[in-house]
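One structure below.
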Amino acid sequence: MAALRWLTPRRRSATARSVLAGEASAEAARKSAQTAEETAPDSALESAPESGAEAEFPVHGDDRAAAFFDLDNTVMQGAAIFHFGRGLYKRKFFETRDLARFAWQQAYFRLAGLEDPEHMQDARDSALSIVKGHRVSELKSIGEEIYDEYMAERIWPGTRALAEAHLDAGQKVWLVTAAPVEIAQVIARRLGLTGALGTVAESIGGVYTGKLVGEPLHGPAKAEAVRALAAAEALDLSRCAAYSDSHNDIPMLSLVGHPYAINPDSKLRKHARELEWRLRDYRTGRKAAKVGIPAAAGVGAVAGGTAAAIALHRRRR
């Protein structure tokens, strides 16, 4: 009983932080999308895809439906936060030793598939310390450059076609990612999507404080963000779609009536097959899925992390 009394408050606290993170991300997403709608030309979403989802889905004209796309290895090869870190390193935001540490943390999460609280907290603190004291506007501007340098060529054409099919049907399309919301918004805008839900870093007077609003938008927090946005947008989740590569996003995928497993890791692939969810795999090889490595590691995060480690080793020699 003593153990239960000790665990219950912590679980409630974690749930509360997830809800706070979800609500904060949903609010940021709506504000960004409203600004985009006010400034975008009427023809912004007129491009129709050559290929996409099945003919019967998405349903054209259903304005109570929307689509929610995970980012890392669902829309983009590799981890967006790692590519962003590479861009910040190039601009001398931090030292070589910090890059190696950052790369190792990303590779650890992707390869091990573990979510040790202390390790996650360490990675979170490292990332926040990098941007602390910088202006939000500065990071947004840099994000535009980093997208062109490292991200644009890593977008999966197949997933982009699925997103465009929803847009062509008159539905809103949102990225949902643990990456910083400002970076997610840049990617969403470049792809012509409605907006993005992402991890919200606290800022005061337009300057980052080095703290988060709630938790990172990961796992249950993603589901809370989608739920909050759906309520604010008067969406019917049973008519919505969600797309992800990771078993960590099963809470989000389970919310909607049309879940898709995209480039799935082994756990999600098994879960999707058991529940007869639709699957899509746009990778050229299946080795990552066969050995059970989360697919986001396959092209971006691990390759980048390995390169960073090798470069650091050579410099020390």
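Chains: A, B, ... in order of the structure tokens. Residues: from 1 per chain. Ligands: from 1, in order shown.
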
Sorted per-residue table, region 141-242 of chain A near region 250-262 of chain A, closest atoms and distance, 12 Å, only C-alpha atoms, as CSV:
residue,atom,partner,partner_atom,distance
A:Trp156,CA,A:Ile262,CA,10.4
A:Gly158,CA,A:Ile262,CA,9.6
A:Thr159,CA,A:Ile262,CA,7.9
A:Arg160,CA,A:Ile262,CA,11.6
A:Leu162,CA,A:Tyr260,CA,10.6
A:Val176,CA,A:Met252,CA,9.5
A:Thr177,CA,A:Met252,CA,11.2
A:Leu217,CA,A:Met252,CA,11.2
A:His218,CA,A:Met252,CA,9.8
A:Gly219,CA,A:Pro251,CA,6.7
A:Pro220,CA,A:Pro251,CA,5.9
A:Ala221,CA,A:Met252,CA,8.7
A:Lys222,CA,A:Met252,CA,6.2
A:Ala223,CA,A:Met252,CA,4.3
A:Glu224,CA,A:Met252,CA,8.0
A:Ala225,CA,A:Met252,CA,9.0
A:Val226,CA,A:Met252,CA,7.2
A:Arg227,CA,A:Leu255,CA,7.9
A:Ala228,CA,A:Leu255,CA,11.7
A:Ala230,CA,A:Val256,CA,10.4
A:Leu235,CA,A:Val256,CA,10.6
A:Asp236,CA,A:Val256,CA,8.6
A:Leu237,CA,A:Val256,CA,4.9
A:Ser238,CA,A:Gly257,CA,4.1
A:Arg239,CA,A:Gly257,CA,5.5
A:Cys240,CA,A:Val256,CA,5.4
A:Ala241,CA,A:His258,CA,4.4
A:Ala242,CA,A:Pro259,CA,5.0

>> Just list as a PyMOL selection string whatever in region 131-314 of chain A DSSP marks as alpha helix (DSSP H).
In response: chain A and resi 131+136-146+157-168+181-190+220-233+250-253+266-275+287-291+296+302-314

>> If you run DSSP on the backbone here, which positions in region 134-281 of chain A get strand (DSSP E)? Please write them as a PyMOL selection string.
In response: chain A and resi 172-180+195-199+201-204+207-212+241-244+258-262+278-280

>> Please determine, counting only C-alpha atoms, which residue among A:Val131, A:Val136, A:Leu275, A:Ala232 has the shortest atom-to-atom distance to Gly205 (chain A).
In response: A:Val136
